[in-house]
Each structure stands twice: as structure tokens, then as C-alpha cells.
$ cat my_file_18.cif   # mmCIF, C-alpha atoms
data_work
loop_
_atom_site.group_PDB
_atom_site.id
_atom_site.type_symbol
_atom_site.label_atom_id
_atom_site.label_comp_id
_atom_site.auth_asym_id
_atom_site.auth_seq_id
_atom_site.Cartn_x
_atom_site.Cartn_y
_atom_site.Cartn_z
ATOM 1 C CA MET H 1 131.183 81.085 76.604
ATOM 2 C CA ASN H 2 131.280 82.632 80.037
ATOM 3 C CA ASN H 3 130.787 86.042 78.520
ATOM 4 C CA LYS H 4 127.773 84.788 76.569
ATOM 5 C CA ASN H 5 126.238 83.225 79.704
ATOM 6 C CA GLU H 6 126.852 86.342 81.699
ATOM 7 C CA LEU H 7 125.211 88.483 79.007
ATOM 8 C CA LEU H 8 122.281 86.059 78.782
ATOM 9 C CA SER H 9 121.806 86.166 82.527
ATOM 10 C CA ARG H 10 121.942 89.972 82.670
ATOM 11 C CA LEU H 11 119.522 90.332 79.759
ATOM 12 C CA LEU H 12 117.121 87.804 81.288
ATOM 13 C CA LEU H 13 117.126 89.606 84.634
ATOM 14 C CA ALA H 14 116.563 92.975 82.954
ATOM 15 C CA TRP H 15 113.658 91.576 80.890
ATOM 16 C CA GLU H 16 112.113 89.866 83.920
ATOM 17 C CA GLU H 17 112.424 93.015 85.983
ATOM 18 C CA THR H 18 110.407 94.982 83.418
ATOM 19 C CA TYR H 19 107.991 92.110 82.718
ATOM 20 C CA LYS H 20 107.168 91.522 86.381
ATOM 21 C CA LYS H 21 106.384 95.162 87.091
ATOM 22 C CA GLY H 22 103.018 94.869 85.440
ATOM 23 C CA GLN H 23 102.343 91.353 86.675
ATOM 24 C CA LEU H 24 101.438 92.018 90.299
ATOM 25 C CA THR H 25 97.913 93.227 89.512
ATOM 26 C CA LEU H 26 97.149 90.075 87.521
ATOM 27 C CA TRP H 27 98.454 87.867 90.342
ATOM 28 C CA ILE H 28 96.435 89.766 92.976
ATOM 29 C CA PHE H 29 93.284 89.397 90.886
ATOM 30 C CA LEU H 30 93.958 85.700 90.307
ATOM 31 C CA ALA H 31 94.461 85.203 94.035
ATOM 32 C CA LEU H 32 91.110 86.853 94.709
ATOM 33 C CA LYS H 33 89.371 84.946 91.904
ATOM 34 C CA ASP H 34 90.506 81.816 93.748
ATOM 35 C CA GLY H 35 88.493 83.018 96.763
ATOM 36 C CA LYS H 36 88.339 85.643 99.516
ATOM 37 C CA LYS H 37 91.711 86.136 101.126
ATOM 38 C CA TYR H 38 93.444 88.296 103.682
ATOM 39 C CA VAL H 39 96.687 90.009 102.729
ATOM 40 C CA GLU H 40 99.089 87.320 103.962
ATOM 41 C CA GLU H 41 97.095 84.691 102.065
ATOM 42 C CA ILE H 42 97.266 86.786 98.882
ATOM 43 C CA LYS H 43 101.040 87.069 99.314
ATOM 44 C CA ASN H 44 101.412 83.320 99.882
ATOM 45 C CA PHE H 45 99.195 82.510 96.891
ATOM 46 C CA ILE H 46 101.221 84.751 94.584
ATOM 47 C CA GLU H 47 104.578 83.422 95.738
ATOM 48 C CA ASP H 48 103.543 79.758 95.733
ATOM 49 C CA LYS H 49 101.670 79.732 92.426
ATOM 50 C CA SER H 50 104.379 81.697 90.639
ATOM 51 C CA ASN H 51 107.009 79.228 91.874
ATOM 52 C CA HIS H 52 108.515 82.113 93.811
ATOM 53 C CA THR H 53 109.402 84.036 90.647
ATOM 54 C CA MET H 54 107.068 86.744 91.957
ATOM 55 C CA THR H 55 107.697 88.244 95.370
ATOM 56 C CA CYS H 56 105.741 91.054 96.974
ATOM 57 C CA GLU H 57 105.896 93.146 100.112
ATOM 58 C CA ILE H 58 102.858 93.231 102.412
ATOM 59 C CA GLN H 59 102.881 97.062 102.406
ATOM 60 C CA SER H 60 102.911 97.099 98.624
ATOM 61 C CA LEU H 61 99.940 94.720 98.548
ATOM 62 C CA TYR H 62 98.003 96.901 100.992
ATOM 63 C CA ARG H 63 98.719 99.968 98.852
ATOM 64 C CA ASN H 64 97.463 98.245 95.712
ATOM 65 C CA LEU H 65 94.376 96.899 97.478
ATOM 66 C CA ARG H 66 93.537 100.399 98.782
ATOM 67 C CA LYS H 67 93.722 101.753 95.217
ATOM 68 C CA PHE H 68 91.567 98.919 93.854
ATOM 69 C CA GLN H 69 89.055 99.386 96.665
ATOM 70 C CA HIS H 70 88.876 103.123 95.935
ATOM 71 C CA LEU H 71 88.151 102.288 92.282
ATOM 72 C CA GLY H 72 85.495 99.728 93.200
ATOM 73 C CA ILE H 73 87.441 96.776 91.741
ATOM 74 C CA VAL H 74 88.044 95.137 95.106
ATOM 75 C CA ASP H 75 86.202 95.219 98.421
ATOM 76 C CA PHE H 76 86.637 93.552 101.784
ATOM 77 C CA GLU H 77 84.696 92.182 104.683
ATOM 78 C CA THR H 78 86.064 91.712 108.165
ATOM 79 C CA GLY H 79 86.369 88.248 109.576
ATOM 80 C CA GLU H 80 87.819 86.733 112.707
ATOM 81 C CA GLY H 81 91.584 86.301 112.825
ATOM 82 C CA LYS H 82 93.123 83.171 114.324
ATOM 83 C CA LYS H 83 94.938 85.275 116.888
ATOM 84 C CA GLY H 84 94.606 88.986 117.537
ATOM 85 C CA PRO H 85 92.365 91.489 115.735
ATOM 86 C CA ASP H 86 89.845 90.867 112.938
ATOM 87 C CA ARG H 87 91.205 90.453 109.446
ATOM 88 C CA LYS H 88 90.150 92.104 106.213
ATOM 89 C CA TYR H 89 89.117 89.458 103.691
ATOM 90 C CA TYR H 90 89.404 90.904 100.216
ATOM 91 C CA PHE H 91 87.357 89.851 97.214
ATOM 92 C CA LEU H 92 86.760 90.972 93.622
ATOM 93 C CA THR H 93 83.620 93.013 93.068
ATOM 94 C CA GLU H 94 81.412 92.489 90.009
ATOM 95 C CA LEU H 95 83.411 95.228 88.254
ATOM 96 C CA GLY H 96 86.655 93.513 89.281
ATOM 97 C CA VAL H 97 85.543 90.121 87.923
ATOM 98 C CA GLU H 98 84.444 91.712 84.667
ATOM 99 C CA LEU H 99 87.720 93.643 84.375
ATOM 100 C CA LEU H 100 89.796 90.508 84.962
ATOM 101 C CA ASN H 101 87.758 88.471 82.467
ATOM 102 C CA LYS H 102 88.096 91.152 79.781
ATOM 103 C CA PHE H 103 91.836 91.475 80.452
ATOM 104 C CA ILE H 104 92.355 87.710 80.212
ATOM 105 C CA GLU H 105 90.240 87.548 77.060
ATOM 106 C CA ARG H 106 92.275 90.274 75.362
ATOM 107 C CA ASN H 107 95.767 89.684 76.693
ATOM 108 C CA ILE H 108 96.177 86.160 78.076
ATOM 109 C CA ASN H 109 94.018 83.956 75.860
ATOM 110 C CA ILE H 110 96.157 84.789 72.828
ATOM 111 C CA PHE H 111 98.856 82.597 74.336
ATOM 112 C CA PHE H 112 96.497 79.601 74.102
ATOM 113 C CA ASN H 113 96.272 79.921 70.336
ATOM 114 C CA ASN H 114 97.807 76.668 68.969
ATOM 115 C CA GLN H 115 100.446 78.369 66.854
ATOM 116 C CA ILE H 116 101.593 80.600 69.732
ATOM 117 C CA LYS H 117 101.357 77.717 72.216
ATOM 118 C CA ASN H 118 103.616 75.616 69.999
ATOM 119 C CA LEU H 119 106.097 78.445 69.675
ATOM 120 C CA ILE H 120 106.217 78.742 73.472
ATOM 121 C CA ILE H 121 106.534 75.015 74.114
ATOM 122 C CA ASN H 122 108.909 74.170 71.244
ATOM 123 C CA LYS H 123 112.432 75.261 72.118
ATOM 124 C CA LYS H 124 113.750 74.839 68.581
ATOM 125 C CA VAL H 125 113.669 77.907 66.341
ATOM 126 C CA MET S 1 87.060 112.743 94.341
ATOM 127 C CA LYS S 2 87.869 111.964 97.956
ATOM 128 C CA LEU S 3 88.813 115.392 99.324
ATOM 129 C CA ILE S 4 89.771 114.839 102.960
ATOM 130 C CA SER S 5 92.266 112.209 104.081
ATOM 131 C CA LYS S 6 93.859 111.306 107.413
ATOM 132 C CA ASN S 7 97.226 112.810 106.434
ATOM 133 C CA LEU S 8 95.603 116.035 105.242
ATOM 134 C CA LEU S 9 93.786 116.343 108.583
ATOM 135 C CA ILE S 10 97.009 115.765 110.559
ATOM 136 C CA PHE S 11 98.846 118.325 108.411
ATOM 137 C CA SER S 12 95.992 120.822 108.880
ATOM 138 C CA GLY S 13 96.113 120.319 112.665
ATOM 139 C CA ILE S 14 99.887 120.880 112.749
ATOM 140 C CA LEU S 15 99.590 123.920 110.479
ATOM 141 C CA PHE S 16 96.817 125.380 112.649
ATOM 142 C CA PHE S 17 98.955 124.981 115.785
ATOM 143 C CA LEU S 18 102.113 126.354 114.098
ATOM 144 C CA THR S 19 100.234 129.334 112.684
ATOM 145 C CA VAL S 20 98.715 130.289 116.050
ATOM 146 C CA VAL S 21 102.175 130.066 117.689
ATOM 147 C CA PHE S 22 103.728 132.003 114.778
ATOM 148 C CA ARG S 23 101.082 134.750 114.915
ATOM 149 C CA TYR S 24 101.495 135.116 118.693
ATOM 150 C CA PHE S 25 105.291 135.503 118.572
ATOM 151 C CA LEU S 26 105.194 137.635 115.411
ATOM 152 C CA SER S 27 102.838 140.157 116.981
ATOM 153 C CA SER S 28 104.842 140.171 120.238
ATOM 154 C CA MET S 29 108.146 140.700 118.411
ATOM 155 C CA LEU S 30 106.789 143.477 116.207
ATOM 156 C CA GLN S 31 105.227 145.209 119.189
ATOM 157 C CA ASN S 32 108.639 145.118 120.910
ATOM 158 C CA HIS S 33 110.452 146.380 117.782
ATOM 159 C CA LEU S 34 112.321 143.077 117.298
ATOM 160 C CA PHE S 35 112.135 143.328 113.506
ATOM 161 C CA ASN S 36 115.169 141.136 112.652
ATOM 162 C CA GLU S 37 113.903 138.427 114.978
ATOM 163 C CA ALA S 38 110.486 138.651 113.317
ATOM 164 C CA TRP S 39 112.140 137.980 109.946
ATOM 165 C CA MET S 40 113.970 134.970 111.380
ATOM 166 C CA LEU S 41 110.747 133.667 112.914
ATOM 167 C CA SER S 42 108.904 134.002 109.581
ATOM 168 C CA ILE S 43 111.622 132.103 107.711
ATOM 169 C CA ILE S 44 111.682 129.295 110.310
ATOM 170 C CA TYR S 45 107.864 129.102 110.237
ATOM 171 C CA GLY S 46 107.899 128.910 106.431
ATOM 172 C CA ILE S 47 110.510 126.146 106.415
ATOM 173 C CA ILE S 48 108.693 124.056 109.056
ATOM 174 C CA VAL S 49 105.355 124.401 107.222
ATOM 175 C CA PHE S 50 107.010 123.417 103.933
ATOM 176 C CA ILE S 51 108.667 120.349 105.487
ATOM 177 C CA SER S 52 105.394 119.292 107.174
ATOM 178 C CA GLY S 53 103.532 119.634 103.879
ATOM 179 C CA TRP S 54 106.247 117.648 102.116
ATOM 180 C CA ILE S 55 106.222 114.810 104.663
ATOM 181 C CA PHE S 56 102.442 114.465 104.975
ATOM 182 C CA GLY S 57 101.976 114.983 101.229
ATOM 183 C CA LYS S 58 104.342 112.062 100.576
ATOM 184 C CA LYS S 59 102.559 109.920 103.173
ATOM 185 C CA ASP S 60 99.208 110.788 101.628
ATOM 186 C CA LYS S 61 100.397 109.819 98.160
ATOM 187 C CA TRP S 62 101.745 106.526 99.472
ATOM 188 C CA HIS S 63 98.447 105.757 101.238
ATOM 189 C CA LEU S 64 96.278 106.553 98.213
ATOM 190 C CA PRO S 65 97.794 108.306 95.170
ATOM 191 C CA LEU S 66 94.938 110.722 94.479
ATOM 192 C CA TYR S 67 95.725 112.863 91.460
ATOM 193 C CA ASP S 68 95.360 116.469 92.600
ATOM 194 C CA ILE S 69 98.854 117.892 91.831
ATOM 195 C CA GLY S 70 99.040 119.035 95.471
ATOM 196 C CA PHE S 71 95.895 121.158 95.262
ATOM 197 C CA ARG S 72 94.161 119.799 98.399
ATOM 198 C CA PHE S 73 97.202 120.575 100.593
ATOM 199 C CA HIS S 74 97.524 124.011 98.964
ATOM 200 C CA LEU S 75 93.831 124.758 99.587
ATOM 201 C CA ALA S 76 94.063 123.655 103.246
ATOM 202 C CA THR S 77 97.147 125.862 103.752
ATOM 203 C CA TYR S 78 95.405 128.829 102.133
ATOM 204 C CA LEU S 79 92.259 128.459 104.234
ATOM 205 C CA ILE S 80 94.070 127.992 107.556
ATOM 206 C CA CYS S 81 96.692 130.738 107.121
ATOM 207 C CA ASN S 82 94.301 133.369 105.800
ATOM 208 C CA SER S 83 91.370 132.645 108.114
ATOM 209 C CA LEU S 84 93.683 132.666 111.176
ATOM 210 C CA ALA S 85 95.209 135.972 110.041
ATOM 211 C CA GLU S 86 91.711 137.428 109.649
ATOM 212 C CA ILE S 87 90.555 136.108 113.047
ATOM 213 C CA TRP S 88 93.772 137.434 114.646
ATOM 214 C CA HIS S 89 92.899 140.947 113.498
ATOM 215 C CA ILE S 90 89.193 140.699 114.306
ATOM 216 C CA ALA S 91 90.114 139.589 117.851
ATOM 217 C CA GLY S 92 92.538 142.517 118.118
ATOM 218 C CA PHE S 93 95.644 140.394 118.842
ATOM 219 C CA GLN S 94 97.762 142.132 116.172
ATOM 220 C CA SER S 95 100.617 144.569 116.833
ATOM 221 C CA GLN S 96 100.450 148.201 115.784
ATOM 222 C CA TYR S 97 102.600 147.349 112.732
ATOM 223 C CA GLU S 98 100.216 144.735 111.319
ATOM 224 C CA LYS S 99 97.468 146.061 109.057
ATOM 225 C CA ILE S 100 94.302 144.225 108.034
ATOM 226 C CA LYS S 101 94.788 145.583 104.492
ATOM 227 C CA VAL S 102 97.972 143.483 104.135
ATOM 228 C CA VAL S 103 96.020 140.376 105.188
ATOM 229 C CA HIS S 104 93.403 141.069 102.506
ATOM 230 C CA ILE S 105 95.972 141.790 99.779
ATOM 231 C CA THR S 106 97.813 138.553 100.701
ATOM 232 C CA ALA S 107 94.537 136.599 100.501
ATOM 233 C CA ILE S 108 93.725 138.062 97.059
ATOM 234 C CA VAL S 109 97.197 137.547 95.516
ATOM 235 C CA TRP S 110 97.538 134.072 97.028
ATOM 236 C CA GLY S 111 93.946 133.349 95.914
ATOM 237 C CA ILE S 112 94.912 134.098 92.296
ATOM 238 C CA PHE S 113 97.763 131.552 92.510
ATOM 239 C CA LEU S 114 95.391 129.059 94.134
ATOM 240 C CA LEU S 115 92.935 129.570 91.277
ATOM 241 C CA ILE S 116 95.701 128.995 88.701
ATOM 242 C CA HIS S 117 96.644 125.808 90.590
ATOM 243 C CA PHE S 118 92.990 124.678 90.453
ATOM 244 C CA ILE S 119 92.730 125.388 86.724
ATOM 245 C CA LEU S 120 95.933 123.378 86.138
ATOM 246 C CA TYR S 121 94.393 120.521 88.111
ATOM 247 C CA LEU S 122 91.195 120.670 86.025
ATOM 248 C CA LEU S 123 93.181 120.713 82.795
ATOM 249 C CA THR S 124 95.314 117.692 83.727
ATOM 250 C CA ARG S 125 92.784 115.523 85.555
ATOM 251 C CA LYS S 126 91.880 113.720 82.309
ATOM 252 C CA ASN S 127 94.999 111.677 83.099
ATOM 253 C CA ALA S 128 93.156 110.144 86.040
ATOM 254 C CA ILE S 129 90.410 107.573 86.552
ATOM 255 C CA GLU S 130 88.233 108.155 89.633
ATOM 256 C CA GLY S 131 90.906 110.482 90.998
ATOM 257 C CA ILE S 132 93.903 108.149 90.532
ATOM 258 C CA LYS S 133 96.475 108.752 87.797
ATOM 259 C CA LYS S 134 96.079 106.126 85.062
ATOM 260 C CA THR S 135 99.759 105.155 85.132
ATOM 261 C CA GLU S 136 99.668 104.612 88.898
ATOM 262 C CA ILE S 137 96.625 102.324 89.092
ATOM 263 C CA PHE S 138 98.217 99.105 87.894
ATOM 264 C CA GLU S 139 101.897 99.918 88.505
#
$ encode --input "my_file_18.cif" --output "C-alpha cells"
Amino acid sequence: MNNKNELLSRLLLAWEETYKKGQLTLWIFLALKDGKKYVEEIKNFIEDKSNHTMTCEIQSLYRNLRKFQHLGIVDFETGEGKKGPDRKYYFLTELGVELLNKFIERNINIFFNNQIKNLIINKKV
Amino acid sequence: MKLISKNLLIFSGILFFLTVVFRYFLSSMLQNHLFNEAWMLSIIYGIIVFISGWIFGKKDKWHLPLYDIGFRFHLATYLICNSLAEIWHIAGFQSQYEKIKVVHITAIVWGIFLLIHFILYLLTRKNAIEGIKKTEIFE
């Protein structure tokens, strides 16, 4: 039994590790769809809303946001910080919103199909 | 594609400084018949330039992973090294053992490799969207 649990745990971690790699972009976009945010707010949104199953480094977020800004998916405007220098408030551009909507339509909405939804909710096989 | 970045500018500045210092000591050593020392100097210069390019290239890729297979750093190195060598001779700072012909041959041979590098970049850039490799956009 212990061996089975250990195997299950290792397999689950390995699957989650691979699964989460591609998830950060979706979480960043969802955070920005929720409203303009500065980097720390994006990080908090992702960690809170994912029940802390997703964690991300600030530097990694900045790197991704720079790439998205270069591609015209994301942009920012500077706003006053509570303390210290001005903050960059990031938001999705028109292209970014369209990209997210198309992605959700093609890859996320399929999980809301009744048959698939039931398979996800129902634990019995 | 965005051609100039902060890290490329810093690398170019360092390379410019190193090349001027290298040229000065190289000419002085050759003029004083210190040929072994000139070899040592050239090797050390080459290693330092390579390490600088490696460090700032890595930093540049981390900042924004532009897909150029190292071509921008190669081009900057080519332009700085060859133009400084040319200027060095035009200004008359060279030793009696340095010939302008060698500078021109170096520029031509190196230029052919640079051109091959550019062609390779053109052939492989279909793997990128707006200058960023497809697999690195949403990683």
C-alpha cells in the first residue's frame, strides 16, 4: 500500500510539474483580464486564485511580461506606488484580449461540455 | 526586429575599450620585438572578449529572448574590431610588423563567416514570431 501511495505521489508530482509549465501564461492573462495590475499584484492573484498550487518568481513574471509587451499582447502604464517609485500597471491589449478569448474558446471551454464535466466531477470510473 | 539592446551596448563599450588597450600593447610589444608576449596578449584578449560576449549574451537572452542565433553580438564584434584596426592604421599607430593588407584580409575572411551566420539566421527565423522563438514565448 505504501509503495502504491509513494508511486501515486511521484507520478502526480511529475504530471503536475509538466502540466504547470504551460499554465503560467494563462494565469498571467487571467490576472490581467481581472484588471490592471502591477507585478506583485499579478503574483498574489495567481497564487491566491490557484489555491497556491501555482507559484511564480517576480523575476520570471517580469521576463514573461517583457516578452508579451514586445509582442504587443500586454502593455503598461505607470502609476503612483504607495511608497517609493512609480509602478508599472500592466494590462492586456486588444490583441491580448482576443488571444486569450480564442485560447479559452479552443482549449478551456471543452472542459465545460457536460460529458467532460461529469467525467471530471464524478470520481467513479 | 529590435536590433540594439542595453546588454549589446554595454558589451560593445567593453569590447571597444578592450580592443583599444589590446591594439596599443600589441603594437608596442611588436615594435619592441616581444613576439611571445604579443601571442600571450592576443590569447588573453581573445578569452576576455569571448567571456564578455558569453556573459552579456546570456543576460540579453534572459532580458528578452530575441531569436538571432547570436548574430547581433557577432556583427557588433566584427564592426568594432575591424573598424578599430582600420583606424589604428590610418592614424599610424601600428608597429612596423603590422600591415594594412592583413587587416583587409581579416575583414574579408571574417566577413564571409559573418555572411554565412546571417544566412543561417535568415533560414531559421521562421521559427520565431516578431523576433522571439515560438517555443520560448509561452514557456
$ interface_residues --input "my_file_18.cif" --of "chain S" --to "chain H" --cutoff "9 Å" --atoms "all atoms listed in the file" --output "list in words"
Trp62, His63, Leu64, Pro65, Ile129, Glu130, Gly131, Ile132, Ile137, Phe138 and Glu139 of chain S
$ resolve_selection --input "my_file_18.cif" --expression "the PyMOL selection byres ((chain S and resi 48) around 12)" --output "list in words"
Phe11, Ile14, Leu15, Phe17, Leu18, Thr19, Phe22, Leu41, Ser42, Ile43, Ile44, Tyr45, Gly46, Ile47, Val49, Phe50, Ile51, Ser52, Gly53, Trp54 and Ile55 of chain S
$ resolve_selection --input "my_file_18.cif" --expression "the PyMOL selection byres ((chain H and resi 32) around 10)" --output "MDAnalysis selection string"
chainID H and resid 26:31 33:38 41:42 45 74 89:93 96:97
$ atom_distance --input "my_file_18.cif" --atom1 "atom CA of Ala91 of chain S" --atom2 "atom CA of Arg23 of chain S"
12.3 Å
$ residues_around --input "my_file_18.cif" --residues "segment 109-121 of chain S" --least-positions-apart "6" --cutoff "7 Å" --atoms "all atoms listed in the file" --output "number ranges by chain"
S: 68-69, 71
$ atom_distance --input "my_file_18.cif" --atom1 "atom CA of Asn82 of chain S" --atom2 "atom CA of Ala107 of chain S"
6.2 Å
$ axis_aligned_box --input "my_file_18.cif" --around "segment 51-69 of chain S" --padding-each-side "8 Å" --output "lines of an AutoDock Vina configuration file"
center_x = 101.8
center_y = 113.1
center_z = 99.3
size_x = 29.7
size_y = 30.6
size_z = 31.7
$ residues_around --input "my_file_18.cif" --residues "segment 30-38 of chain S" --least-positions-apart "2" --cutoff "7 Å" --atoms "all atoms listed in the file" --output "list of chain:residue names"
S:Leu26, S:Ser27, S:Ser28, S:Met40, S:Leu41, S:Ser42, S:Ser95, S:Gln96, S:Tyr97
$ atom_distance --input "my_file_18.cif" --atom1 "atom CA of Ala85 of chain S" --atom2 "atom CA of Val103 of chain S"
6.6 Å
